[in-house]
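Visitor: Quick one: the structure is below, and I'll ask about it shortly.
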Amino acid sequence: MSISLKNFIIVGTFLFIAALGLFVSLSAPYISSGDELVYLTGALQVRDGDLPDAYMLQGYDDGPYLYPKIMLWWYESLGYYVFKSIFLFVLVIATGLGAYALFRLLFLPWIPALLLSVITLMPRFSAGTEIFGVFTFRESIGRASAVPLFLIGAGLLVHRMIERKSLWPIFGIFGIFIFLHPVTITLFAFISLIACAVTYALERTPWVKILRDIAISGVTFVLAGSYFFIEVFERLGRGIADEGVSSALYVQAIVFRNAWEFPEASLDWFRHMAIVSTFFIVALIIFYTIPSLQALRIKYQFPHAKSILVWGLTTSVSALTLTILLPGLNLYFMEHANAPYIFQQWSRISKFYYLGLFISLVPMVFILWQWYLESNWRFKKVAITFLVAIGILSSSFAFEIAQFTFGYKNFEKAYIPQMFSGIQNDTTANEYRETCHVLEKIGWTTSSQIISNNFAFRYYCKADLYVTLEEGAAYQQLTRADVVDWYDRFLAQRNALKDGDPRDIINFANNVEADFVILPRTSKYIAFDAFKDREIITTTKHIIINVKK
């Protein structure tokens with residue numbers, strides 16, 4: 001087979017998957033992303049500096065992070081579907097080629113490397129609301145921009161370890177490209193240092209060399225990414241100053257806003273991770289424990305199997321351990337030593353469990369492929385097709401489809417075509433703008449304060465909202481007093497809105513001197529249709545209450 005045909009097959013495979021992902025995404029119900037609206041609003045504030053509540057929005061300065069800038073350049077001019085389609089298409093191809101490069105760097109022949117790359121592309125959920133893999137708009141988010149880099153980076157690190165080359169240049173590249181997604185790249189560098197150290201140790205490398213190489217690599221990463229880390233240290237300085245704020249209230253606010261980050265919620269995701277990785281784990285256990293398969297391992301020896309297997313397993317085990325350990329330690333010291341919230345989003349290291357798992361599969365896949373090439377077994381093509389299909393189905397995408405099929409209500413709706421699920425679209429950009437236009441007609445200005453739990457109005461209307469859930473993340477980047485104040489205000493607003501009682505809502509709005517209240521048009525707030533004490537206007541998706549009239 002010629003090289004040109006091989007390359008055509010490789011690129012064509014990922015083009016097909018990207019097109020399939022677009023088809024699934026466009027047939028699924030529209031799901032608005034709160035994160036994307038936050039990115040857009042923060043980037044708008046940094047660029048223009050004239051949005052209401054500017055102090056809070058300082059916490060949304062994403063610094064070197066690339067994705068908010070891309071959104072600001074293209075999101076409005078292209079529209080949601082065009083923007084997301086282009087981003088998804090590019091991301092699937094880049095991620096697929098990144099995975100292919102990883103497995104080629106780990107000495108897999110091109111066909112098994114391609115097949116394993118396709119399996120790797122399928123989305124798999126993990127703790128910290130993280131996703132490994134990309135297939136639809138659901139996974140086509142900012143932090144996914146870093147995935148191709150860490151896939152190629154993992155291959156380069158293991159390859160250079162095997163060839164006894166220095167690792168620090170790779171960590172320097174990680175630092176330079178930290179702008180793709182600072183948290184993801186930092187976590188990958190951290191867990192890679194652990195995996196490299198353990199692999200060196202099990203290869204009986206002298207401890208002096210291990211410590212020297214790991215220290216130089218770590219320092220190189222920090223220096224290369226110093227344009228980001230300087231800002232991090234400044235923000236940590238604000239969190240360290242307690243300003244007399246109750247440690248207990250601070251911890252309550254942090255845990256409330258980031259429940260997914262801490263062990264109680266993170267552990268819930270381990271069940272899902274176990275389900276979608278069962279096939280791979282069972283395959284590894286069978287391959288390395290069944291005596292009859294030992295002959296295969298002896299006959300088709302893979303010279304670098306130990307280093308690759310150790311690096312992969314260390315990454316997987318470390319990811320699971322650190323997902324619980326680091327946020328858990330942070331919570332303990334916040335509660336008992338008045339420490340700040342340092343390890344923000346560190347439960348997201350759990351996604352690297354899957355990276356380590358796929359790297360661990362490489363020696364097994366190599367040996368089975370050599371057997372496949374020499375075997376005369378009649379059904380070997382059926383067998384490999386079946387294994388690849390099971391690998392693809394061992395993903396969160398297939399798991400969510402299965403839940404929908406069996407009637408489970410909490411399936412991921414972004415994966416199920418609207419014609420089957422019957423799920424209505426979320427509020428669209430045009431429907432938000434309709435509400436903004438109505439607000440202007442009844443006297444709203446950007447200085448008017450609005451009661452709404454929907455952050456989207458900050459972006460679409462440039463509105464001054466009293467408080468929303470999303471803003472807790474911004475206040476975490478400011479001071480402890482800000483975090484606690486946000487927490488108190490959010491609880492008060494939530495209590496006022498929770499029962500849908502018109503008088504409770506109006507009284508709360510008067511108490512905080514709000515000018516307008518915006519509520520979703522749902523059955524919960526149907527009583528407002530008969531509430532004539534105030535000016536009430538309905539739009540396609542919202543109820544607007546003019547508190548002052």
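Within each chain, counting starts at residue 1; across the structure tokens, chains are named A, B, ... in the order shown, with ligands numbered 1 upward in that order.
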Set the distance at 12 Å and use only C-alpha atoms: which residues neighbour Glu76 in chain A once local chain neighbours fewer than 2 positions away are removed? I'd like the list as a ChimeraX atom specification.

Guide: /A:37,40,44,70-74,78-84,429-430,459-460

Visitor: How would you write, as a PyMOL selection string, the set of residues in range 313-547 of chain A that DSSP gives as strand (DSSP E or B)?

Guide: chain A and resi 449-451+464-465+516-520+535-538+542-546

Visitor: Using only C-alpha atoms, which residues sit within 10 Å of Gly422 in chain A once same-chain residues fewer than 4 positions away are excluded, as a PyMOL selection string?

Guide: chain A and resi 28-29+413+416-418

Visitor: Would you mind exporting N, CA and C atoms of the selected residues as an mmCIF file, in the first residue's frame?

Guide:
data_model
loop_
_atom_site.group_PDB
_atom_site.id
_atom_site.type_symbol
_atom_site.label_atom_id
_atom_site.label_comp_id
_atom_site.auth_asym_id
_atom_site.auth_seq_id
_atom_site.Cartn_x
_atom_site.Cartn_y
_atom_site.Cartn_z
ATOM 1 N N ALA A 28 -29.385 16.832 17.308
ATOM 2 C CA ALA A 28 -29.710 16.856 18.737
ATOM 3 C C ALA A 28 -30.323 18.204 19.102
ATOM 4 N N PRO A 29 -31.038 18.294 20.216
ATOM 5 C CA PRO A 29 -31.593 19.590 20.635
ATOM 6 C C PRO A 29 -30.490 20.589 20.940
ATOM 7 N N LYS A 413 -28.656 14.601 26.892
ATOM 8 C CA LYS A 413 -29.561 14.911 25.782
ATOM 9 C C LYS A 413 -28.840 15.423 24.536
ATOM 10 N N ILE A 416 -28.724 12.585 21.811
ATOM 11 C CA ILE A 416 -29.912 11.902 21.315
ATOM 12 C C ILE A 416 -30.631 12.784 20.299
ATOM 13 N N PRO A 417 -30.834 12.326 19.064
ATOM 14 C CA PRO A 417 -31.534 13.145 18.063
ATOM 15 C C PRO A 417 -32.882 13.631 18.582
ATOM 16 N N GLN A 418 -33.188 14.859 18.250
ATOM 17 C CA GLN A 418 -34.400 15.496 18.760
ATOM 18 C C GLN A 418 -35.666 14.765 18.314
#

Visitor: If we count only C-alpha atoms and set the cut-off at 9 Å, which residues sit around Asn453 in chain A, ignoring sequence neighbours fewer than 3 positions away in its own chain? Please answer as a ChimeraX atom specification.

Guide: /A:465-469,490,493-494,518-519

Visitor: Hey, what's within 10 Å of range 100-117 of chain A if we count only C-alpha atoms and toss same-chain stuff fewer than 4 positions away? As a VMD selection string, please?

Guide: chain A and resid 6 to 7 9 to 11 13 to 14 94 to 96 121 to 122 148 150 to 160 162 302 to 305 308 358 to 359 361 to 363 365 to 370 384 to 385 388 to 389 391 to 392

Visitor: Identify, on the basis of only C-alpha atoms, every residue whose closest approach to range 250-263 of chain A does not exceed 6 Å; exclude the query and any residue fewer than 4 positions from it along the same chain; express the result as a PyMOL selection string.

Guide: chain A and resi 128+267+324+327+347+484+487

Visitor: Can you work out which one of A:Ile119, A:Ile442, A:Ala201, A:Leu180 has the shortest atom-to-atom distance to Asp62 in chain A, counting only C-alpha atoms?

Guide: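 Among the listed residues, the smallest separation from Asp62 in chain A belongs to A:Leu180.
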
Visitor: Hey, what does DSSP flag as helix (DSSP H, G or I) within range 379-506 of chain A? Can you give it to me as a ChimeraX atom specification?

Guide: /A:380-393,396-405,413-415,418-421,429-441,456-460,471-475,480-497,502-506
